[in-house]
Structure formats: C-alpha cells, structure tokens
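Trainee: For reference, this is start.csv, and it has CSV, C-alpha atoms and all ligand atoms.
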```csv
chain,number,residue,atom,x,y,z
D,634,MET,CA,10.5,30.8,5.6
D,635,SER,CA,11.4,29.8,2.0
D,636,THR,CA,8.8,28.4,-0.3
D,637,ARG,CA,8.9,26.1,-3.4
D,638,LYS,CA,5.4,26.0,-4.8
D,639,PRO,CA,2.4,28.3,-4.9
D,640,PRO,CA,-0.8,27.1,-3.1
D,641,THR,CA,-3.4,25.3,-5.3
D,642,THR,CA,-7.2,25.2,-5.1
D,643,PRO,CA,-8.3,22.5,-2.6
D,644,PRO,CA,-9.8,19.4,-4.3
D,645,ALA,CA,-13.3,18.1,-3.3
D,646,ALA,CA,-13.5,16.0,-0.2
D,647,SER,CA,-15.8,13.5,-1.8
D,648,SER,CA,-13.2,12.5,-4.5
D,649,CYS,CA,-10.5,12.2,-1.8
D,650,ALA,CA,-12.7,10.0,0.3
D,651,ALA,CA,-13.6,7.8,-2.7
D,652,ALA,CA,-9.9,7.3,-3.6
D,653,LEU,CA,-9.0,6.6,0.0
D,654,LYS,CA,-11.7,4.0,0.4
D,655,GLN,CA,-10.3,2.0,-2.5
D,656,PHE,CA,-6.8,1.7,-1.0
D,657,ALA,CA,-6.7,-1.4,1.3
D,658,PRO,CA,-3.3,-2.9,1.2
D,659,ARG,CA,-3.0,-6.5,2.4
D,660,PRO,CA,0.1,-7.1,4.6
D,661,PRO,CA,1.9,-10.3,4.0
D,662,GLN,CA,1.8,-13.1,6.5
D,663,PRO,CA,4.6,-12.9,9.1
D,664,GLN,CA,7.9,-14.5,8.1
D,665,ARG,CA,9.8,-16.8,10.4
D,666,LEU,CA,13.4,-15.9,11.0
D,667,SER,CA,16.1,-18.3,12.1
D,668,LEU,CA,17.7,-17.1,15.3
D,669,ALA,CA,20.6,-19.5,15.0
D,670,PRO,CA,23.1,-17.1,13.3
D,671,PHE,CA,22.6,-14.6,16.1
D,672,LEU,CA,21.6,-16.3,19.4
D,673,HIS,CA,21.5,-19.8,20.8
D,674,ARG,CA,17.8,-19.8,21.8
D,675,PRO,CA,16.2,-22.6,19.9
D,676,ASP,CA,13.2,-22.4,22.3
D,677,LEU,CA,12.2,-18.9,21.0
D,678,THR,CA,10.5,-18.1,17.8
D,679,LEU,CA,10.9,-14.8,16.0
D,680,ASP,CA,8.6,-13.7,13.2
D,681,VAL,CA,8.7,-10.5,11.2
D,682,LEU,CA,5.7,-8.6,9.9
D,683,ARG,CA,7.0,-6.9,6.8
D,684,LEU,CA,4.9,-3.8,6.6
D,685,ASP,CA,7.6,-2.4,4.4
D,686,LEU,CA,6.1,-4.6,1.6
D,687,ILE,CA,2.6,-3.2,1.6
D,688,ASP,CA,3.2,-0.5,-1.0
D,689,PRO,CA,6.2,1.1,-2.7
D,690,GLN,CA,5.4,4.6,-1.3
D,691,LEU,CA,2.8,4.2,1.4
D,692,SER,CA,4.9,1.6,3.2
D,693,GLY,CA,5.4,0.5,6.8
D,694,ASN,CA,3.8,2.2,9.8
D,695,LYS,CA,3.5,5.4,7.7
D,696,TRP,CA,0.3,4.3,5.9
D,697,TYR,CA,-1.3,3.1,9.2
D,698,LYS,CA,-0.5,6.3,11.0
D,699,LEU,CA,-1.6,8.5,8.1
D,700,ARG,CA,-4.9,6.8,7.4
D,701,PRO,CA,-6.7,8.0,10.6
D,702,HIS,CA,-5.4,11.5,10.1
D,703,LEU,CA,-6.6,11.6,6.5
D,704,LEU,CA,-10.1,10.4,7.6
D,705,GLN,CA,-10.2,12.9,10.4
D,706,ALA,CA,-9.2,15.7,8.1
D,707,LEU,CA,-12.0,14.8,5.7
D,708,ALA,CA,-14.5,14.5,8.6
D,709,GLN,CA,-13.5,18.1,9.5
D,710,GLY,CA,-13.9,19.2,5.9
D,711,HIS,CA,-10.3,19.6,5.0
D,712,THR,CA,-8.5,18.4,1.9
D,713,ARG,CA,-5.4,20.4,2.6
D,714,ILE,CA,-3.0,18.8,5.0
D,715,VAL,CA,0.1,20.4,6.5
D,716,SER,CA,2.7,18.5,8.4
D,717,LEU,CA,6.3,18.7,9.5
D,718,GLY,CA,9.5,16.7,9.5
D,719,GLY,CA,13.2,16.7,8.7
D,720,ALA,CA,14.7,16.7,5.2
D,721,HIS,CA,14.8,12.9,5.1
D,722,SER,CA,11.4,12.4,6.8
D,723,ASN,CA,9.6,9.2,5.9
D,724,HIS,CA,6.4,10.8,7.1
D,725,LEU,CA,6.6,13.8,4.7
D,726,HIS,CA,7.5,11.4,1.9
D,727,ALA,CA,4.5,9.2,2.6
D,728,LEU,CA,2.2,12.2,3.1
D,729,ALA,CA,3.2,13.6,-0.3
D,730,ALA,CA,2.6,10.2,-1.9
D,731,ALA,CA,-0.8,10.0,-0.3
D,732,GLY,CA,-1.6,13.5,-1.4
D,733,GLN,CA,-0.9,12.7,-4.9
D,734,ARG,CA,-2.7,9.3,-4.9
D,735,PHE,CA,-5.9,10.4,-3.1
D,736,GLY,CA,-6.1,14.0,-4.2
D,737,PHE,CA,-5.2,15.9,-1.1
D,738,THR,CA,-3.2,19.1,-1.2
D,739,THR,CA,-0.1,18.6,0.9
D,740,ILE,CA,2.2,21.1,2.6
D,741,GLY,CA,5.5,20.1,4.2
D,742,LEU,CA,7.2,22.2,6.8
D,743,VAL,CA,10.8,21.1,6.8
D,744,ARG,CA,13.4,21.6,9.6
D,745,GLY,CA,16.4,23.5,8.3
D,746,PRO,CA,17.1,24.4,4.7
D,747,LEU,CA,15.4,22.6,1.9
D,748,GLU,CA,18.5,22.3,-0.2
D,749,TYR,CA,22.0,21.0,0.5
D,750,GLN,CA,24.7,21.9,-2.0
D,751,GLY,CA,21.9,23.3,-4.3
D,752,GLN,CA,19.9,20.1,-4.3
D,753,LEU,CA,16.8,18.8,-2.5
D,754,THR,CA,17.4,15.6,-0.5
D,755,PRO,CA,16.0,12.5,-2.3
D,756,THR,CA,13.1,12.5,0.1
D,757,LEU,CA,12.1,16.1,-0.6
D,758,ALA,CA,12.8,15.8,-4.3
D,759,ASP,CA,10.1,13.0,-4.4
D,760,ALA,CA,7.8,14.9,-2.2
D,761,SER,CA,8.1,18.0,-4.4
D,762,ALA,CA,7.6,15.9,-7.6
D,763,TRP,CA,4.4,14.5,-6.0
D,764,GLY,CA,3.1,18.0,-5.5
D,765,MET,CA,3.9,18.7,-1.9
D,766,GLN,CA,4.5,22.5,-1.2
D,767,LEU,CA,7.7,22.7,0.7
D,768,HIS,CA,8.5,25.4,3.2
D,769,ALA,CA,11.7,25.6,5.3
D,770,LEU,CA,11.4,26.4,9.0
D,771,SER,CA,14.2,27.8,11.0
D,772,ARG,CA,15.4,25.6,13.9
D,773,ALA,CA,13.9,28.0,16.4
D,774,GLU,CA,10.5,27.9,14.8
D,775,TYR,CA,10.7,24.1,14.4
D,776,ALA,CA,11.4,23.9,18.2
D,777,ARG,CA,7.8,25.1,18.8
D,778,ARG,CA,6.3,22.1,17.1
D,779,TYR,CA,4.8,20.6,20.3
D,780,GLN,CA,3.1,23.8,21.4
D,781,ALA,CA,-0.7,23.6,20.8
D,782,ASP,CA,-1.0,27.3,20.0
D,783,TRP,CA,1.8,27.1,17.4
D,784,LEU,CA,0.1,24.0,15.8
D,785,ALA,CA,-3.3,25.7,15.7
D,786,ALA,CA,-1.8,29.0,14.3
D,787,THR,CA,0.1,27.0,11.6
D,788,ALA,CA,-3.0,25.1,10.6
D,789,ARG,CA,-4.9,28.3,10.4
D,790,SER,CA,-2.3,30.1,8.4
D,791,HIS,CA,-2.3,27.3,5.8
D,792,ASN,CA,-6.0,26.8,6.0
D,793,ALA,CA,-5.3,23.2,6.5
D,794,TYR,CA,-5.6,20.2,8.8
D,795,ILE,CA,-2.3,19.8,10.7
D,796,ILE,CA,-0.6,16.5,11.5
D,797,GLY,CA,1.9,17.1,14.3
D,798,GLU,CA,5.3,15.4,14.4
D,799,GLY,CA,5.0,11.7,14.4
D,800,GLY,CA,1.2,12.0,13.9
D,801,ALA,CA,0.9,11.3,17.6
D,802,ASP,CA,-2.6,12.4,18.4
D,803,ALA,CA,-5.5,10.4,19.8
D,804,CYS,CA,-6.9,9.4,16.4
D,805,VAL,CA,-3.8,7.4,15.7
D,806,LEU,CA,-4.8,4.9,18.4
D,807,SER,CA,-7.1,3.2,15.9
D,808,ALA,CA,-4.2,2.8,13.5
D,809,MET,CA,-3.3,-0.9,14.1
D,810,GLN,CA,-6.7,-2.3,15.1
D,811,GLU,CA,-6.8,-4.6,12.1
D,812,PHE,CA,-3.8,-6.4,13.5
D,813,ALA,CA,-5.4,-7.3,16.8
D,814,PRO,CA,-6.0,-11.0,16.0
D,815,LEU,CA,-2.4,-11.4,14.7
D,816,LEU,CA,-0.9,-9.6,17.8
D,817,SER,CA,-2.8,-12.0,20.1
D,818,ARG,CA,-0.7,-14.9,18.8
D,819,TYR,CA,2.5,-13.5,20.3
D,820,ASP,CA,4.0,-13.0,23.7
D,821,LEU,CA,6.0,-10.0,22.6
D,822,VAL,CA,5.6,-7.5,19.8
D,823,ALA,CA,8.6,-5.3,19.1
D,824,VAL,CA,8.7,-2.1,17.1
D,825,ALA,CA,11.1,0.8,16.5
D,826,CYS,CA,10.0,3.8,18.5
D,827,GLY,CA,10.4,7.5,17.6
D,828,SER,CA,7.4,9.6,18.6
D,829,GLY,CA,5.9,6.5,20.2
D,830,ALA,CA,2.6,6.8,18.2
D,831,THR,CA,3.0,3.4,16.5
D,832,LEU,CA,3.9,1.8,19.9
D,833,ALA,CA,0.7,3.3,21.4
D,834,ALA,CA,-1.4,2.2,18.4
D,835,LEU,CA,0.0,-1.4,18.8
D,836,ALA,CA,-0.6,-1.4,22.6
D,837,SER,CA,-4.2,-0.3,22.1
D,838,ALA,CA,-4.8,-3.0,19.5
D,839,ALA,CA,-3.3,-5.8,21.6
D,840,ALA,CA,-4.4,-7.2,24.9
D,841,ALA,CA,-2.5,-8.9,27.8
D,842,PRO,CA,-0.7,-11.2,28.0
D,843,THR,CA,0.8,-9.9,24.8
D,844,GLU,CA,3.4,-7.2,25.6
D,845,VAL,CA,4.6,-4.5,23.3
D,846,LEU,CA,8.2,-3.4,23.3
D,847,GLY,CA,9.4,-0.1,21.7
D,848,VAL,CA,13.1,0.2,20.9
D,849,SER,CA,13.7,3.9,21.1
D,850,VAL,CA,15.8,5.2,18.2
D,851,LEU,CA,16.6,8.5,19.9
D,852,LYS,CA,18.3,9.6,23.1
D,853,ASP,CA,15.1,9.7,25.0
D,854,GLU,CA,14.9,11.5,28.3
D,855,GLY,CA,11.4,10.3,29.1
D,856,SER,CA,9.5,12.4,26.6
D,857,THR,CA,8.5,9.4,24.4
D,858,ALA,CA,7.3,7.5,27.5
D,859,ALA,CA,5.3,10.6,28.6
D,860,ARG,CA,3.7,11.0,25.1
D,861,VAL,CA,2.8,7.3,25.0
D,862,GLN,CA,1.3,7.4,28.5
D,863,ALA,CA,-0.7,10.5,27.6
D,864,LEU,CA,-2.0,8.9,24.4
D,865,LEU,CA,-3.0,5.6,26.2
D,866,GLN,CA,-4.4,7.0,29.4
D,867,ALA,CA,-8.0,6.8,28.5
D,868,THR,CA,-7.8,3.6,26.3
D,869,PRO,CA,-7.5,-0.1,27.3
D,870,HIS,CA,-4.1,-1.3,26.3
D,871,CYS,CA,-1.7,-4.2,26.8
D,872,PRO,CA,1.4,-3.9,28.9
D,873,TYR,CA,4.2,-2.0,27.1
D,874,ARG,CA,7.8,-1.0,27.7
D,875,ILE,CA,10.2,1.4,26.0
D,876,GLU,CA,13.8,0.3,25.8
D,877,SER,CA,16.2,3.2,25.6
D,878,ARG,CA,19.6,1.5,25.6
D,879,PHE,CA,19.9,1.0,21.8
D,880,HIS,CA,19.8,4.4,20.2
D,881,ASN,CA,23.4,4.0,19.1
D,882,GLY,CA,24.4,7.6,19.9
D,883,GLY,CA,21.2,9.3,18.9
D,884,PHE,CA,18.7,9.7,16.1
D,885,ALA,CA,20.0,8.6,12.7
D,886,ARG,CA,23.5,7.9,14.1
D,887,LEU,CA,25.3,5.1,12.3
D,888,ASN,CA,28.5,3.5,13.3
D,889,ARG,CA,30.5,0.4,12.2
D,890,THR,CA,28.9,-1.9,14.8
D,891,LEU,CA,25.4,-1.2,13.6
D,892,LEU,CA,26.4,-1.4,9.9
D,893,LYS,CA,28.2,-4.7,10.5
D,894,PHE,CA,25.1,-6.1,12.1
D,895,MET,CA,22.9,-4.8,9.3
D,896,ASP,CA,25.1,-6.5,6.7
D,897,ARG,CA,25.1,-9.8,8.6
D,898,PHE,CA,21.3,-9.6,9.0
D,899,ALA,CA,20.8,-8.8,5.3
D,900,ALA,CA,23.1,-11.8,4.3
D,901,CYS,CA,21.3,-14.2,6.7
D,902,CYS,CA,17.7,-13.1,6.5
D,903,LYS,CA,17.5,-11.5,3.0
D,904,ILE,CA,15.4,-8.6,4.5
D,905,PRO,CA,16.5,-5.0,3.8
D,906,LEU,CA,17.0,-2.8,6.8
D,907,GLU,CA,17.8,0.9,7.1
D,908,PRO,CA,20.0,2.3,9.9
D,909,VAL,CA,17.5,4.8,11.5
D,910,TYR,CA,14.6,2.5,12.6
D,911,SER,CA,14.6,-1.2,11.5
D,912,GLY,CA,18.4,-1.5,11.8
D,913,LYS,CA,18.3,-0.4,15.4
D,914,LEU,CA,15.3,-2.6,16.2
D,915,PHE,CA,16.8,-5.8,14.9
D,916,HIS,CA,20.2,-4.9,16.4
D,917,ALA,CA,18.6,-4.5,19.8
D,918,LEU,CA,16.7,-7.8,19.5
D,919,LEU,CA,19.5,-9.9,18.2
D,920,ASP,CA,22.8,-8.4,18.9
D,921,GLY,CA,22.7,-5.2,20.9
D,922,ALA,CA,26.5,-5.3,21.4
D,923,GLY,CA,26.2,-8.4,23.6
D,924,GLN,CA,22.9,-7.3,25.2
D,925,ALA,CA,20.4,-8.8,22.8
D,926,LEU,CA,17.0,-8.3,24.1
D,927,LEU,CA,15.8,-11.7,23.0
D,928,ALA,CA,18.4,-13.3,25.1
D,929,GLU,CA,16.5,-12.2,28.2
D,930,ARG,CA,13.1,-13.6,27.2
D,931,PRO,CA,11.5,-16.4,29.1
D,932,SER,CA,11.7,-19.9,27.5
D,933,GLY,CA,9.2,-20.8,24.7
D,934,GLN,CA,8.1,-17.2,23.9
D,935,ARG,CA,6.8,-16.2,20.5
D,936,VAL,CA,8.1,-12.8,19.3
D,937,LEU,CA,6.8,-10.7,16.5
D,938,ALA,CA,9.0,-7.8,15.1
D,939,ILE,CA,7.3,-5.2,13.0
D,940,HIS,CA,9.3,-3.9,10.0
D,941,THR,CA,8.0,-0.4,9.7
D,942,GLY,CA,9.6,0.4,6.3
D,943,GLY,CA,11.4,3.7,5.9
D,944,LEU,CA,13.9,2.3,3.4
D,945,GLN,CA,13.6,5.4,1.2
D,946,GLY,CA,15.2,7.5,4.0
D,947,ALA,CA,18.5,5.5,3.7
D,948,ARG,CA,19.2,6.9,0.2
D,949,ALA,CA,20.9,9.9,1.6
D,950,MET,CA,23.1,7.8,3.8
D,951,GLN,CA,24.8,5.8,1.1
D,952,ARG,CA,27.9,7.9,1.1
D,953,LYS,CA,28.3,7.5,4.8
D,954,ILE,CA,27.7,3.8,4.5
D,955,SER,CA,30.3,3.5,1.8
D,956,ASN,CA,32.8,5.5,3.9
D,957,LEU,CA,32.3,3.3,6.9
D,958,ARG,CA,32.7,0.2,4.9
D,959,ALA,CA,35.9,1.5,3.3
D,960,THR,CA,37.4,2.5,6.6
D,961,ALA,CA,36.5,-0.9,8.1
D,962,GLN,CA,38.6,-2.8,5.5
D,1001,LIG,C1,10.3,3.7,9.3
D,1001,LIG,C2,9.9,4.2,10.6
D,1001,LIG,N1,9.8,3.3,11.6
D,1001,LIG,C3,9.4,3.6,12.8
D,1001,LIG,C4,9.1,4.9,13.1
D,1001,LIG,C5,8.7,5.2,14.6
D,1001,LIG,O1,7.3,5.5,14.6
D,1001,LIG,P1,6.7,6.4,15.7
D,1001,LIG,O2,7.2,7.8,15.5
D,1001,LIG,O3,5.3,6.2,15.6
D,1001,LIG,O4,7.2,5.9,17.0
D,1001,LIG,C6,9.1,5.9,12.2
D,1001,LIG,C7,8.7,7.3,12.4
D,1001,LIG,O5,7.6,7.6,12.2
D,1001,LIG,C8,9.5,5.5,10.8
D,1001,LIG,O6,9.6,6.4,9.8
```
Re-express the file's structure as structure tokens.
Mentor:
Amino acid sequence: MSTRKPPTTPPAASSCAAALKQFAPRPPQPQRLSLAPFLHRPDLTLDVLRLDLIDPQLSGNKWYKLRPHLLQALAQGHTRIVSLGGAHSNHLHALAAAGQRFGFTTIGLVRGPLEYQGQLTPTLADASAWGMQLHALSRAEYARRYQADWLAATARSHNAYIIGEGGADACVLSAMQEFAPLLSRYDLVAVACGSGATLAALASAAAAPTEVLGVSVLKDEGSTAARVQALLQATPHCPYRIESRFHNGGFARLNRTLLKFMDRFAACCKIPLEPVYSGKLFHALLDGAGQALLAERPSGQRVLAIHTGGLQGARAMQRKISNLRATAQ
C-alpha cells in the first residue's frame, strides 16, 4: 500500500456537526425537456432534476448519499472517515470536498496505482489538495471490499468510520426523503444506477403508483438488484426496476454512438452530460440505439430524470473523447 499524506489529529465532532448543519443546498425546480428532437411522443412529459447544480463540489447524488454517513459517523463519535473508490471516483472527490468543508479528516483507498505517468488523476489531485490522505490498494485487496470482516478491519486500522463502495448501507435509505413530495408528481423516476444505493433511496422516498427505474451503468449480473433488494427489504418502498441493457460495453466504456448522442443532447437541451452515468441514463431514455425506454411508456405519463452530477469525472476522458471525435470525421 503506498501513502501520500501522514495522519492528522482528528477535529472535534461538535465543530463538524455545526458546519454540516449549515449546509442545506436548495435543488432547482425540475426543468422540462422537449422530446421532439428524439422521440415522437408528444403525449409524454420529461423533466430533469438537475442535482448537478446544487454545489460545485458536493454535487449530484454524492451529497445526498454522503450526508447520512457523515451524520452516522458523528453519532458514533468519529470525525475520521475512510472510504474507497477508483482513481476517477466521484464519491472520493465529494468526500474529500466534504472533509475540507466540514472539518472531517478523510482517507481515500484507491483501486490501483495513485499515479499514471507520474501524475495523480484530476480527481485525486483535487482530493489530495483538499486534504484527503490517499492510499493505493492492490486489485486483490480491493476485491475484498464487500467483505464485512475486511471493512471492519480497515475501519479499525484507520481508527475511522468506513463508507463502503457506493455508500450502500441502510443509513442511505433516508438520503432522498426530502424529495418525496416532488417524486409523487411523477409516474416514473429514472436514475443512473451503479451500486444501486441512490435507486434504493429514491424508491424508499417514493410511494406507488410512482415507479423508479435504475439504468445500470455496469455489466450487471444481478449483484446490483440483490444489493437493492437487501437494502429495501425492511422498508416500505415504491415499485422499482433495474434496466441492464444500456451499459454500453461496461463501466465507463465510451463509444461513438454514446458520444454522438451526448453531443446531440448537449446541443438540443443545453445540459452537460458525462459518459459514465448521466450520458448513459439519457441515452437509454431517449435513444438507446433504437430501444429508447421512453418509447415504451404508456400514454400521458410524466417522467422525471435525475441528473446525478459527476461531471468532474469526465476530465480524464477528454483525450478519449477528442480521439473518438477525430476518427468519426
Ligand atoms: C454521478 C453519479 N451518478 C450516479 C451514480 C450511481 O449511484 P449509485 O452508486 O448510488 O447507484 C454514481 C455513483 O455513485 C455517480 O457518481
């Protein structure tokens, strides 16, 4: 394991709690999108909830998933938080920002090396600048991330509260409660789905007849569905479904079809997307290589798509994007 910063003395829980209490971002009202450039379904409405706009660093679903963990950490007497993710992880990026803003000490365990060609990724460079201690985990060690004994031992060894990958533990179910009145105005609420924690939080905030649809961004062999089911088993929730056809080759895979769609969407809707989460969500809803999910919806439905942010992660994909554009000419 390689290390970049020495541990620091934990700050007082009371000052973290006071700083946390003051941060209450107000999400914008949902924005209506015209379906006309994509689908001939004038009977449907599609709104976008732009959680990417709530804050420059604590944006999208990241803030909503972090908040219950930060509160739970403080309730357990911790101001040191350890978590894990890849070198472009939106979650580690947001956790580092939250640490700096609210006074938590943060530790990021990163899959693979910390540096590529002698440099941190843009995500890790920000995290490090915001005070996160970074440690590289080997792929073999990272593969143990779902084992309860490994998580407990890792928390102990860092004397910290641990947030597992995706933040998918029971406390996250409260994450989207404040949106319950908004969700009840829609027949379908669609969100990009990685660990499934955000989907589970939305499903527990909403009630039937609203349905939540998760567009999986990874090649999922049922593990996301199992995780969501486990999270929701003891909690009332609305009907939900995970759609696994639109991962586009796997996690963070980008090809010309997706890029072309994203460019068209940006031109028509003036809303920035990134290829890993929001790009795949809107592609699945509106284009889906001829299988647009909205095309299947019953007449008259109202649909809300949640923009979960993550735009910072796309910085490292710019070269790939330029290459794809160049070869498409
Ligand atoms: C920008 C963005 N959108 C969506 C997701 C998927 O969220 P979840 O892992 O809770 O399914 C993530 C991952 O956390 C993300 O970073």
Trainee: Could I get the residue neighbourhood of ligand LIG 1001 (chain D) at 7 Å, counting all atoms listed in the file, as a PDB file with C-alpha atoms, in the frame of the given file?
Mentor:
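Contents of part-v4.pdb, freshly written:
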```pdb
ATOM      1  CA  GLY D 693       5.400   0.500   6.800  1.00  0.00           C
ATOM      2  CA  ASN D 694       3.800   2.200   9.800  1.00  0.00           C
ATOM      3  CA  LYS D 695       3.500   5.400   7.700  1.00  0.00           C
ATOM      4  CA  SER D 722      11.400  12.400   6.800  1.00  0.00           C
ATOM      5  CA  ASN D 723       9.600   9.200   5.900  1.00  0.00           C
ATOM      6  CA  HIS D 724       6.400  10.800   7.100  1.00  0.00           C
ATOM      7  CA  GLY D 799       5.000  11.700  14.400  1.00  0.00           C
ATOM      8  CA  ALA D 825      11.100   0.800  16.500  1.00  0.00           C
ATOM      9  CA  CYS D 826      10.000   3.800  18.500  1.00  0.00           C
ATOM     10  CA  GLY D 827      10.400   7.500  17.600  1.00  0.00           C
ATOM     11  CA  SER D 828       7.400   9.600  18.600  1.00  0.00           C
ATOM     12  CA  GLY D 829       5.900   6.500  20.200  1.00  0.00           C
ATOM     13  CA  ALA D 830       2.600   6.800  18.200  1.00  0.00           C
ATOM     14  CA  THR D 831       3.000   3.400  16.500  1.00  0.00           C
ATOM     15  CA  LEU D 832       3.900   1.800  19.900  1.00  0.00           C
ATOM     16  CA  TYR D 910      14.600   2.500  12.600  1.00  0.00           C
ATOM     17  CA  SER D 911      14.600  -1.200  11.500  1.00  0.00           C
ATOM     18  CA  THR D 941       8.000  -0.400   9.700  1.00  0.00           C
ATOM     19  CA  GLY D 942       9.600   0.400   6.300  1.00  0.00           C
ATOM     20  CA  GLY D 943      11.400   3.700   5.900  1.00  0.00           C
TER      21      GLY D 943
END
```
Trainee: Quick one: pull the distance between CA of Leu919 in chain D and CA of Pro842 in chain D, Å, one decimal.
Mentor: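 Value for the CA of Leu919 in chain D-CA of Pro842 in chain D distance: 22.5 Å.
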Trainee: Find the residue from D:Arg948, D:Lys893, D:His673, D:Arg789 that sits nearest to Ala922 in chain D; use all atoms listed in the file when measuring.
Mentor: D:Lys893
Trainee: Counting all atoms listed in the file, which of D:Arg744, D:Leu918, D:Ala823, D:Ala720 gets nearest to Arg777 in chain D?
Mentor: D:Arg744
Trainee: Can you work out which one of D:Ile939, D:Ala925, D:Leu747, D:Trp783 has the shortest atom-to-atom distance to Pro660 in chain D, counting only C-alpha atoms?
Mentor: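 The answer is D:Ile939, which sits nearest to Pro660 in chain D.
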Trainee: Please provide the set of residues having any atom within 9 Å of Arg674 in chain D, restricted to all atoms listed in the file, with same-chain residues fewer than 3 positions apart removed, written as a ChimeraX atom specification.
Mentor: /D:668-669,677-678,927-928,932
Trainee: Tell me which of D:Pro746, D:Leu666, D:Ala949, D:Pro675 sits closest to Arg930 in chain D, counting all atoms listed in the file.
Mentor: D:Pro675
Trainee: I want to know what sits within 12 Å of Ala841 in chain D, based on all atoms listed in the file, with residues of the same chain fewer than 2 positions away left out; could you give that as a list in words?
Mentor: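 Skipping anything fewer than 2 positions along the chain leaves Ala813, Leu816, Ser817, Arg818, Tyr819, Asp820, Leu821, Val822, Leu835, Ala836, Ser837, Ala838, Ala839, Thr843, Glu844, Val845, Pro869, His870, Cys871, Pro872 and Tyr873 of chain D.
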Trainee: Please compute the CA of Leu753 in chain D-CA of Ala730 in chain D distance, one decimal, in Å.
Mentor: 16.6 Å
Trainee: Taking all atoms listed in the file into account, produce a table as JSON lines in which each residue of range 769-865 of chain D with an atom at most 7 Å from an atom of range 874-881 of chain D appears once, together with its shortest atom pair and the distance in Å to one decimal, ordered by chain and rising number.
Mentor:
```
{"residue": "D:Val845", "atom": "CA", "partner": "D:Arg874", "partner_atom": "CA", "distance": 6.5}
{"residue": "D:Leu846", "atom": "CA", "partner": "D:Arg874", "partner_atom": "CA", "distance": 5.0}
{"residue": "D:Gly847", "atom": "CA", "partner": "D:Ile875", "partner_atom": "CA", "distance": 4.6}
{"residue": "D:Val848", "atom": "CA", "partner": "D:Glu876", "partner_atom": "CA", "distance": 5.0}
{"residue": "D:Ser849", "atom": "CA", "partner": "D:Ser877", "partner_atom": "CA", "distance": 5.2}
{"residue": "D:Val850", "atom": "CA", "partner": "D:His880", "partner_atom": "CA", "distance": 4.5}
{"residue": "D:Leu851", "atom": "CA", "partner": "D:His880", "partner_atom": "CA", "distance": 5.2}
{"residue": "D:Lys852", "atom": "CA", "partner": "D:His880", "partner_atom": "CA", "distance": 6.1}
{"residue": "D:Asp853", "atom": "CA", "partner": "D:Ser877", "partner_atom": "CA", "distance": 6.6}
{"residue": "D:Ala858", "atom": "CA", "partner": "D:Ile875", "partner_atom": "CA", "distance": 6.9}
```
Trainee: CA of Ala706 in chain D and CA of Leu684 in chain D are how many Å apart?
Mentor: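 Rounded to one decimal, the two atoms are 24.1 Å apart.
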Trainee: For Asp680 in chain D, list every protein, DNA or RNA residue within 6 Å, evaluated using all atoms listed in the file, and leave out those in the same chain fewer than 6 positions away; present the list as a count of residues only.
Mentor: 5
Trainee: Give me the residues near Cys649 in chain D as number ranges by chain, where near means some atom within 10 Å (using only C-alpha atoms) and where sequence neighbours in that chain fewer than 4 positions away do not count.
Mentor: D: 644-645, 653-654, 703-704, 707, 712, 732, 734-737
Trainee: Which of these residues is nearest to Leu864 in chain D, using only C-alpha atoms: D:Asp685, D:Asp920, D:Asp802, D:Asp896?
Mentor: D:Asp802
Trainee: For each of D:Tyr779, D:Phe656, D:Phe671, D:Trp763, take the minimum atom-to-atom distance to His726 in chain D, counting all atoms listed in the file, then give the residue where this is smallest.
Mentor: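 Between D:Tyr779, D:Phe656, D:Phe671, D:Trp763, the residue approaching His726 in chain D most closely is D:Trp763.
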Trainee: What's around Glu907 in chain D at 6 Å? Count only C-alpha atoms, leave out sequence neighbours fewer than 3 positions away in its own chain, and write the answer as JSON, numbers by chain.
Mentor: {"D": [911, 912, 944, 947]}
